[in-house]
file target-v6.cif (mmCIF, C-alpha atoms and all ligand atoms)
data_run
loop_
_atom_site.label_atom_id
_atom_site.label_comp_id
_atom_site.auth_asym_id
_atom_site.auth_seq_id
_atom_site.Cartn_x
_atom_site.Cartn_y
_atom_site.Cartn_z
CA MET Y 1 -13.12 -23.88 42.42
CA ALA Y 2 -15.20 -23.94 39.23
CA PRO Y 3 -14.01 -26.45 36.65
CA PRO Y 4 -11.96 -24.79 33.87
CA LEU Y 5 -13.88 -23.97 30.70
CA PRO Y 6 -13.26 -26.54 27.98
CA ASP Y 7 -10.81 -25.44 25.33
CA LEU Y 8 -9.82 -26.93 21.98
CA ALA Y 9 -7.51 -29.40 23.69
CA ALA Y 10 -10.45 -30.96 25.52
CA LEU Y 11 -12.06 -31.97 22.20
CA SER Y 12 -11.38 -34.91 19.96
CA ILE Y 13 -9.42 -34.25 16.78
CA LYS Y 14 -12.55 -34.47 14.64
CA GLN Y 15 -14.48 -32.17 16.98
CA ARG Y 16 -11.61 -29.73 16.92
CA LEU Y 17 -11.54 -29.71 13.12
CA PHE Y 18 -15.29 -29.21 13.10
CA VAL Y 19 -15.03 -26.19 15.41
CA LEU Y 20 -12.31 -24.56 13.30
CA GLU Y 21 -14.21 -25.20 10.07
CA TYR Y 22 -17.50 -24.04 11.55
CA LEU Y 23 -15.95 -20.69 12.56
CA LYS Y 24 -15.08 -20.04 8.90
CA ASP Y 25 -18.63 -19.88 7.55
CA LEU Y 26 -20.99 -20.92 10.40
CA ASN Y 27 -22.33 -23.71 8.19
CA ALA Y 28 -22.55 -26.84 10.37
CA THR Y 29 -23.11 -29.31 7.52
CA GLN Y 30 -20.26 -28.01 5.39
CA ALA Y 31 -18.01 -27.83 8.45
CA ALA Y 32 -18.80 -31.47 9.27
CA ILE Y 33 -17.92 -32.49 5.70
CA ARG Y 34 -14.64 -30.57 5.80
CA ALA Y 35 -13.88 -32.12 9.19
CA GLY Y 36 -14.12 -35.55 7.63
CA TYR Y 37 -17.63 -36.75 8.47
CA SER Y 38 -19.38 -38.63 5.69
CA LEU Y 39 -21.52 -36.68 3.23
CA LYS Y 40 -24.53 -38.78 4.20
CA THR Y 41 -24.36 -38.06 7.93
CA ALA Y 42 -22.87 -34.54 7.69
CA TYR Y 43 -26.13 -32.74 8.43
CA SER Y 44 -27.09 -34.77 11.52
CA GLN Y 45 -23.49 -34.85 12.77
CA GLY Y 46 -23.25 -31.11 12.41
CA GLN Y 47 -26.45 -30.55 14.39
CA ARG Y 48 -25.35 -33.02 17.04
CA LEU Y 49 -21.96 -31.35 17.43
CA LEU Y 50 -23.55 -27.93 17.82
CA LYS Y 51 -25.68 -29.30 20.68
CA ASN Y 52 -22.63 -30.81 22.39
CA VAL Y 53 -21.94 -28.62 25.43
CA GLU Y 54 -18.17 -28.70 25.17
CA VAL Y 55 -18.13 -28.08 21.43
CA SER Y 56 -20.61 -25.21 21.61
CA THR Y 57 -18.77 -23.62 24.55
CA VAL Y 58 -15.49 -23.67 22.63
CA ILE Y 59 -17.20 -22.23 19.53
CA ALA Y 60 -18.78 -19.43 21.58
CA ARG Y 61 -15.48 -18.58 23.24
CA LEU Y 62 -13.44 -18.58 20.02
CA ALA Y 63 -16.08 -16.47 18.26
CA ARG Y 64 -16.04 -13.94 21.09
CA GLU Y 65 -12.25 -13.81 21.06
CA ARG Y 66 -12.25 -13.24 17.32
CA GLU Y 67 -14.79 -10.45 17.68
CA GLU Y 68 -12.66 -8.76 20.33
CA ARG Y 69 -9.63 -9.05 18.09
CA ILE Y 70 -11.47 -7.45 15.16
CA ILE Y 71 -12.69 -4.62 17.37
CA GLY Y 72 -9.14 -4.15 18.67
CA GLU Y 73 -7.75 -3.98 15.15
CA ALA Y 74 -10.40 -1.47 14.13
CA ASP Y 75 -9.47 0.64 17.15
CA ASP Y 76 -5.82 0.51 16.11
CA VAL Y 77 -6.69 1.69 12.60
CA LEU Y 78 -8.76 4.56 13.98
CA ARG Y 79 -6.06 5.54 16.47
CA ARG Y 80 -3.53 5.58 13.65
CA LEU Y 81 -5.78 7.70 11.43
CA TRP Y 82 -6.40 10.09 14.29
CA GLN Y 83 -2.66 10.50 14.91
CA GLN Y 84 -2.09 11.16 11.21
CA PHE Y 85 -4.97 13.63 11.18
CA GLN Y 86 -3.54 15.61 14.09
CA ALA Y 87 0.11 15.50 13.05
CA ASP Y 88 1.76 18.61 11.66
CA PRO Y 89 3.58 17.86 8.38
CA ARG Y 90 5.85 20.85 9.03
CA GLU Y 91 7.49 18.71 11.67
CA VAL Y 92 8.84 16.54 8.84
CA VAL Y 93 9.54 19.04 6.08
CA THR Y 94 9.39 22.78 6.30
CA VAL Y 95 10.84 25.93 4.80
CA ARG Y 96 13.17 27.84 7.07
CA ARG Y 97 14.55 31.32 6.66
CA ASP Y 98 18.27 31.24 7.36
CA ALA Y 99 20.46 34.30 7.91
CA CYS Y 100 22.28 35.36 4.74
CA ARG Y 101 26.01 36.05 4.50
CA PHE Y 102 25.47 39.77 5.05
CA CYS Y 103 22.98 39.61 7.95
CA HIS Y 104 25.45 39.47 10.84
CA GLY Y 105 28.77 40.43 9.26
CA GLU Y 106 30.58 43.50 10.57
CA ARG Y 107 29.05 46.55 8.85
CA HIS Y 108 26.92 43.96 6.97
CA LYS Y 109 29.87 42.80 4.88
CA TYR Y 110 30.18 39.19 3.67
CA GLN Y 111 30.78 36.84 6.58
CA PHE Y 112 32.89 33.67 6.52
CA THR Y 113 32.46 30.50 8.50
CA GLN Y 114 35.52 29.59 10.57
CA PRO Y 115 36.56 26.63 8.33
CA GLU Y 116 36.18 28.79 5.19
CA TRP Y 117 38.41 31.45 6.69
CA ASP Y 118 40.99 28.88 7.81
CA LEU Y 119 41.10 27.47 4.26
CA ALA Y 120 41.48 30.95 2.76
CA LEU Y 121 44.45 31.65 5.09
CA GLU Y 122 46.03 28.29 4.26
CA ALA Y 123 45.67 28.90 0.53
CA HIS Y 124 47.26 32.30 0.95
CA GLU Y 125 50.16 30.78 2.88
CA GLY Y 126 50.72 28.34 0.02
CA GLU Y 127 50.71 31.12 -2.57
CA LEU Y 128 53.15 33.16 -0.49
CA GLU Y 129 55.40 30.16 -0.14
CA SER Y 130 55.63 29.58 -3.88
CA ALA Y 131 56.06 33.33 -4.53
CA ARG Y 132 59.05 33.30 -2.18
CA ARG Y 133 60.43 30.17 -3.79
CA GLU Y 134 60.13 31.69 -7.23
CA GLY Y 135 61.96 34.76 -5.90
CA LEU Y 136 59.14 37.08 -6.93
CA ASP Y 137 59.46 40.74 -6.19
CA ARG Y 138 57.77 41.61 -2.88
CA ALA Y 139 55.43 43.99 -4.70
CA ARG Y 140 54.06 41.04 -6.67
CA TRP Y 141 53.41 38.79 -3.68
CA PRO Y 142 49.78 37.68 -3.35
CA VAL Y 143 47.66 39.92 -1.13
CA PRO Y 144 46.23 38.34 2.03
CA PRO Y 145 42.53 37.43 1.94
CA ASN Y 146 40.12 40.15 2.97
CA PRO Y 147 38.07 39.11 6.03
CA ARG Y 148 35.33 41.57 5.00
CA GLY Y 149 32.43 40.98 7.46
CA GLY Y 150 34.58 38.75 9.66
CA VAL Y 151 34.29 35.15 10.76
CA GLY Y 152 31.46 33.31 12.49
CA PHE Y 153 28.74 32.95 9.86
CA ASP Y 154 25.93 30.79 11.27
CA PRO Y 155 22.94 30.25 8.94
CA ARG Y 156 20.77 29.17 11.88
CA LYS Y 157 20.62 32.74 13.20
CA ARG Y 158 17.54 34.84 12.49
CA PRO Y 159 17.85 37.12 9.47
CA ALA Y 160 18.74 40.70 10.47
CA GLY Y 161 15.95 43.18 9.75
CA ASP Y 162 18.38 45.87 8.56
CA CYS Y 163 20.42 43.55 6.33
CA PRO Y 164 21.17 45.20 2.95
CA GLY Y 165 21.74 41.75 1.42
CA CYS Y 166 18.35 40.15 2.03
CA HIS Y 167 16.38 43.05 3.57
CA GLY Y 168 15.49 40.89 6.54
CA ARG Y 169 13.98 38.09 4.47
CA GLY Y 170 16.93 35.73 4.84
CA VAL Y 171 17.44 32.75 2.57
CA ALA Y 172 14.65 30.22 2.10
CA VAL Y 173 15.89 26.70 2.80
CA LEU Y 174 13.95 23.46 2.48
CA TRP Y 175 14.50 21.77 5.80
CA LEU Y 176 14.07 18.03 6.42
CA ALA Y 177 13.87 16.78 10.02
CA ASP Y 178 15.93 13.95 11.41
CA LEU Y 179 13.24 11.28 11.08
CA ASP Y 180 14.38 9.63 14.31
CA ASP Y 181 13.39 12.77 16.22
CA LEU Y 182 9.78 12.94 15.04
CA SER Y 183 6.81 12.73 17.40
CA PRO Y 184 4.78 9.47 17.08
CA GLY Y 185 2.10 11.26 15.05
CA ALA Y 186 4.51 12.92 12.65
CA SER Y 187 6.45 9.71 12.11
CA ARG Y 188 3.17 8.09 11.00
CA LEU Y 189 2.89 10.78 8.34
CA VAL Y 190 6.02 9.52 6.61
CA ALA Y 191 4.96 7.04 3.94
CA GLY Y 192 8.40 6.53 2.46
CA VAL Y 193 11.83 8.00 1.86
CA LYS Y 194 14.13 7.53 -1.08
CA GLN Y 195 17.34 8.90 -2.49
CA THR Y 196 16.89 10.39 -5.95
CA ARG Y 197 19.33 12.09 -8.32
CA ASP Y 198 17.99 15.44 -7.12
CA GLY Y 199 18.23 14.69 -3.41
CA ILE Y 200 16.15 12.99 -0.76
CA GLU Y 201 12.48 12.47 -1.54
CA VAL Y 202 10.06 12.12 1.36
CA LYS Y 203 6.57 10.83 0.64
CA LEU Y 204 3.95 11.95 3.13
CA VAL Y 205 0.61 10.36 3.88
CA ASP Y 206 -2.24 12.21 2.16
CA GLN Y 207 -3.89 14.05 5.07
CA MET Y 208 -6.92 14.94 2.95
CA LYS Y 209 -7.52 11.25 2.47
CA VAL Y 210 -7.07 10.66 6.21
CA THR Y 211 -9.55 13.43 6.97
CA GLU Y 212 -12.01 11.94 4.52
CA LEU Y 213 -11.74 8.46 6.07
CA LEU Y 214 -12.23 9.83 9.58
CA ALA Y 215 -15.15 11.99 8.46
CA ARG Y 216 -16.78 9.00 6.80
CA HIS Y 217 -16.25 6.87 9.90
CA HIS Y 218 -17.88 9.51 12.09
CA GLY Y 219 -20.75 9.97 9.65
CA LEU Y 220 -19.80 13.56 8.87
CA THR Y 221 -19.72 13.30 5.09
CA ARG Y 222 -23.42 12.59 4.65
CA GLU Y 223 -24.43 15.59 6.78
CA ALA Y 224 -22.07 17.82 4.86
CA VAL Y 225 -23.84 17.31 1.54
CA VAL Y 226 -27.38 17.77 2.84
CA LEU Y 227 -28.11 21.40 2.05
CA ASP Y 228 -30.75 23.25 3.90
CA VAL Y 229 -32.73 24.58 0.95
CA THR Y 230 -34.74 27.30 2.63
CA GLU Y 231 -36.69 29.94 0.73
CA GLY Y 232 -33.86 32.40 1.19
CA PHE Y 233 -31.42 30.00 -0.37
CA ALA Y 234 -33.71 29.38 -3.36
CA GLU Y 235 -34.15 33.14 -3.86
CA ALA Y 236 -30.41 33.76 -3.73
CA LEU Y 237 -29.93 31.00 -6.28
CA GLU Y 238 -32.54 32.53 -8.60
CA ALA Y 239 -31.04 36.02 -8.25
CA GLY Y 240 -27.63 34.62 -9.14
CA ARG Y 241 -29.09 32.90 -12.18
CA GLN Y 242 -30.72 36.14 -13.33
CA ARG Y 243 -27.44 38.03 -12.91
CA ALA Y 244 -25.64 35.42 -14.99
CA LEU Y 245 -28.30 35.62 -17.73
CA GLU Y 246 -28.10 39.42 -17.70
CA HIS Y 247 -24.33 39.24 -18.03
CA VAL Y 248 -24.60 36.89 -21.02
CA ARG Y 249 -27.17 39.21 -22.70
CA ARG Y 250 -24.98 42.27 -22.19
CA THR Y 251 -21.84 40.56 -23.47
CA ARG Y 252 -23.70 39.35 -26.54
CA SER Y 253 -25.13 42.74 -27.40
CA GLU Y 254 -21.74 44.39 -26.90
CA ALA Y 255 -20.25 41.84 -29.28
CA GLY Y 256 -23.11 42.48 -31.73
CA ILE Y 257 -24.53 38.97 -31.45
CA SER Y 258 -28.28 38.66 -31.72
CA SER Y 259 -29.72 36.93 -28.70
CA HIS Y 260 -32.31 35.08 -30.82
ZN ZN R 301 20.66 39.09 5.23
#

call {"tool": "encode", "arguments": {"input": "target-v6.cif", "output": "structure tokens"}}
result
Amino acid sequence: MAPPLPDLAALSIKQRLFVLEYLKDLNATQAAIRAGYSLKTAYSQGQRLLKNVEVSTVIARLAREREERIIGEADDVLRRLWQQFQADPREVVTVRRDACRFCHGERHKYQFTQPEWDLALEAHEGELESARREGLDRARWPVPPNPRGGVGFDPRKRPAGDCPGCHGRGVAVLWLADLDDLSPGASRLVAGVKQTRDGIEVKLVDQMKVTELLARHHGLTREAVVLDVTEGFAEALEAGRQRALEHVRRTRSEAGISSH
């Protein structure tokens, strides 16, 4: 079995300090000074330490590990940007068209939800009760609530095309998703949530910015601004300029302004 590669533990304390300091700026003399070697011998000590097999092996390994870590972090950033780029913000916030009260009522009359109807009946019962207690004349008893379009209103239903209330357009409702249900990409679009006086405010990541960062990373932005100025393009530009000049001349003469 090959002997294990030396690691930091195999070095003396001073060597270890030197390695850690050297990795900060790759300056052997300064690293030797910071590791506690005397100013006078720092240069030669630094050179000697770099030639030491164990020291240089540990330095090489730690440097490689650091490089891999940096590459890994860069990959994570790119992966994150890519997820944000692909995510659909409508998964977080969208506008939905709910059925209106008249969409699905009988003969398109106003429709109650079950709890609303139960409350209306209860209220009526109460009014009847007090009318009886007060000994009111039957003719003056409160009339029962009118169920109109019936019970069972459900805003989640599709608007009815023949609805006289909304003409099939329904009611526009701002709809916010349960943030726990978002896909990984969409949840990375959410930059923050807060409760305000007007309701819940959701801050989304700026996808234009994300697009710009990705484009820059892939070298797309530079290509986008390099215009292919062919003869045809130059001619079109000149023709446009002439048209603009002509327009200015005409406007001026119509307004009675001398062009010179
Ligand atoms: Zn409707």

call {"tool": "residues_near_ligand", "arguments": {"input": "target-v6.cif", "ligand": "ligand ZN 301 (chain R)", "cutoff": "7 Å", "atoms": "only C-alpha atoms and all ligand atoms", "output": "MDAnalysis selection string"}}
result
chainID Y and resid 99:103 159:160 163:170

call {"tool": "write_last_selection", "arguments": {"input": "target-v6.cif", "atoms": "C-alpha atoms", "output": "CSV table (one decimal), in the frame of the given file"}}
result
chain,number,residue,atom,x,y,z
Y,99,ALA,CA,20.5,34.3,7.9
Y,100,CYS,CA,22.3,35.4,4.7
Y,101,ARG,CA,26.0,36.0,4.5
Y,102,PHE,CA,25.5,39.8,5.0
Y,103,CYS,CA,23.0,39.6,8.0
Y,159,PRO,CA,17.8,37.1,9.5
Y,160,ALA,CA,18.7,40.7,10.5
Y,163,CYS,CA,20.4,43.6,6.3
Y,164,PRO,CA,21.2,45.2,3.0
Y,165,GLY,CA,21.7,41.8,1.4
Y,166,CYS,CA,18.4,40.2,2.0
Y,167,HIS,CA,16.4,43.0,3.6
Y,168,GLY,CA,15.5,40.9,6.5
Y,169,ARG,CA,14.0,38.1,4.5
Y,170,GLY,CA,16.9,35.7,4.8

call {"tool": "residues_around", "arguments": {"input": "target-v6.cif", "residues": "Gly150 (chain Y)", "least_positions_apart": "4", "cutoff": "10 Å", "atoms": "all atoms listed in the file", "output": "number ranges by chain"}}
result
Y: 104-114, 117, 146

call {"tool": "residues_around", "arguments": {"input": "target-v6.cif", "residues": "Phe85 (chain Y)", "least_positions_apart": "3", "cutoff": "12 Å", "atoms": "all atoms listed in the file", "output": "list in words"}}
result
Leu78, Arg79, Arg80, Leu81, Trp82, Asp88, Pro89, Gly185, Ala186, Arg188, Leu189, Val205, Asp206, Gln207, Met208, Lys209, Val210, Thr211, Glu212, Leu213, Leu214 and Ala215 of chain Y

call {"tool": "write_last_selection", "arguments": {"input": "target-v6.cif", "atoms": "C-alpha atoms", "output": "PDB file, in the frame of the given file"}}
result
ATOM      1  CA  LEU Y  78      -8.760   4.560  13.980  1.00  0.00           C
ATOM      2  CA  ARG Y  79      -6.060   5.540  16.470  1.00  0.00           C
ATOM      3  CA  ARG Y  80      -3.530   5.580  13.650  1.00  0.00           C
ATOM      4  CA  LEU Y  81      -5.780   7.700  11.430  1.00  0.00           C
ATOM      5  CA  TRP Y  82      -6.400  10.090  14.290  1.00  0.00           C
ATOM      6  CA  ASP Y  88       1.760  18.610  11.660  1.00  0.00           C
ATOM      7  CA  PRO Y  89       3.580  17.860   8.380  1.00  0.00           C
ATOM      8  CA  GLY Y 185       2.100  11.260  15.050  1.00  0.00           C
ATOM      9  CA  ALA Y 186       4.510  12.920  12.650  1.00  0.00           C
ATOM     10  CA  ARG Y 188       3.170   8.090  11.000  1.00  0.00           C
ATOM     11  CA  LEU Y 189       2.890  10.780   8.340  1.00  0.00           C
ATOM     12  CA  VAL Y 205       0.610  10.360   3.880  1.00  0.00           C
ATOM     13  CA  ASP Y 206      -2.240  12.210   2.160  1.00  0.00           C
ATOM     14  CA  GLN Y 207      -3.890  14.050   5.070  1.00  0.00           C
ATOM     15  CA  MET Y 208      -6.920  14.940   2.950  1.00  0.00           C
ATOM     16  CA  LYS Y 209      -7.520  11.250   2.470  1.00  0.00           C
ATOM     17  CA  VAL Y 210      -7.070  10.660   6.210  1.00  0.00           C
ATOM     18  CA  THR Y 211      -9.550  13.430   6.970  1.00  0.00           C
ATOM     19  CA  GLU Y 212     -12.010  11.940   4.520  1.00  0.00           C
ATOM     20  CA  LEU Y 213     -11.740   8.460   6.070  1.00  0.00           C
ATOM     21  CA  LEU Y 214     -12.230   9.830   9.580  1.00  0.00           C
ATOM     22  CA  ALA Y 215     -15.150  11.990   8.460  1.00  0.00           C
TER      23      ALA Y 215
END

call {"tool": "residues_around", "arguments": {"input": "target-v6.cif", "residues": "Lys14 (chain Y)", "least_positions_apart": "2", "cutoff": "9 Å", "atoms": "only C-alpha atoms", "output": "list in words"}}
result
Leu11, Ser12, Arg16, Leu17, Phe18, Val19, Ala32, Ala35, Gly36 and Tyr37 of chain Y

call {"tool": "write_last_selection", "arguments": {"input": "target-v6.cif", "atoms": "C-alpha atoms", "output": "PDB file, keeping the file's coordinate frame"}}
result
ATOM      1  CA  LEU Y  11     -12.060 -31.970  22.200  1.00  0.00           C
ATOM      2  CA  SER Y  12     -11.380 -34.910  19.960  1.00  0.00           C
ATOM      3  CA  ARG Y  16     -11.610 -29.730  16.920  1.00  0.00           C
ATOM      4  CA  LEU Y  17     -11.540 -29.710  13.120  1.00  0.00           C
ATOM      5  CA  PHE Y  18     -15.290 -29.210  13.100  1.00  0.00           C
ATOM      6  CA  VAL Y  19     -15.030 -26.190  15.410  1.00  0.00           C
ATOM      7  CA  ALA Y  32     -18.800 -31.470   9.270  1.00  0.00           C
ATOM      8  CA  ALA Y  35     -13.880 -32.120   9.190  1.00  0.00           C
ATOM      9  CA  GLY Y  36     -14.120 -35.550   7.630  1.00  0.00           C
ATOM     10  CA  TYR Y  37     -17.630 -36.750   8.470  1.00  0.00           C
TER      11      TYR Y  37
END

call {"tool": "closest_residue", "arguments": {"input": "target-v6.cif", "among": "Y:Arg133, Y:Arg96, Y:Arg61, Y:Arg158", "to": "Leu8 (chain Y)", "atoms": "all atoms listed in the file"}}
result
Y:Arg61

call {"tool": "atom_distance", "arguments": {"input": "target-v6.cif", "atom1": "CA of Gly126 (chain Y)", "atom2": "CA of Phe153 (chain Y)"}}
result
24.5 Å

call {"tool": "atom_distance", "arguments": {"input": "target-v6.cif", "atom1": "CA of Glu127 (chain Y)", "atom2": "CA of Val151 (chain Y)"}}
result
21.5 Å

call {"tool": "closest_residue", "arguments": {"input": "target-v6.cif", "among": "Y:Leu39, Y:Pro115, Y:Arg249, Y:Thr196", "to": "Gly152 (chain Y)", "atoms": "all atoms listed in the file"}}
result
Y:Pro115

call {"tool": "atom_distance", "arguments": {"input": "target-v6.cif", "atom1": "CA of Val173 (chain Y)", "atom2": "CA of Lys194 (chain Y)"}}
result
19.6 Å

call {"tool": "closest_residue", "arguments": {"input": "target-v6.cif", "among": "Y:Glu65, Y:Glu129, Y:Glu201, Y:Asp178", "to": "Leu23 (chain Y)", "atoms": "only C-alpha atoms"}}
result
Y:Glu65

call {"tool": "closest_residue", "arguments": {"input": "target-v6.cif", "among": "Y:Leu128, Y:Val93, Y:Ala74, Y:Ala191", "to": "Trp175 (chain Y)", "atoms": "only C-alpha atoms"}}
result
Y:Val93

call {"tool": "closest_residue", "arguments": {"input": "target-v6.cif", "among": "Y:Gln84, Y:Ala239, Y:Leu121, Y:Gly46", "to": "Glu21 (chain Y)", "atoms": "only C-alpha atoms"}}
result
Y:Gly46

call {"tool": "residues_around", "arguments": {"input": "target-v6.cif", "residues": "His124 (chain Y)", "least_positions_apart": "5", "cutoff": "9 Å", "atoms": "only C-alpha atoms", "output": "mmCIF file with C-alpha atoms, keeping the file's coordinate frame"}}
result
data_model
loop_
_atom_site.group_PDB
_atom_site.id
_atom_site.type_symbol
_atom_site.label_atom_id
_atom_site.label_comp_id
_atom_site.auth_asym_id
_atom_site.auth_seq_id
_atom_site.Cartn_x
_atom_site.Cartn_y
_atom_site.Cartn_z
ATOM 1 C CA LEU Y 119 41.100 27.470 4.260
ATOM 2 C CA GLU Y 129 55.400 30.160 -0.140
ATOM 3 C CA PRO Y 142 49.780 37.680 -3.350
ATOM 4 C CA VAL Y 143 47.660 39.920 -1.130
ATOM 5 C CA PRO Y 144 46.230 38.340 2.030
ATOM 6 C CA PRO Y 145 42.530 37.430 1.940
#

call {"tool": "closest_residue", "arguments": {"input": "target-v6.cif", "among": "Y:Ala123, Y:Val92, Y:Leu245, Y:Val58", "to": "Asp180 (chain Y)", "atoms": "only C-alpha atoms"}}
result
Y:Val92
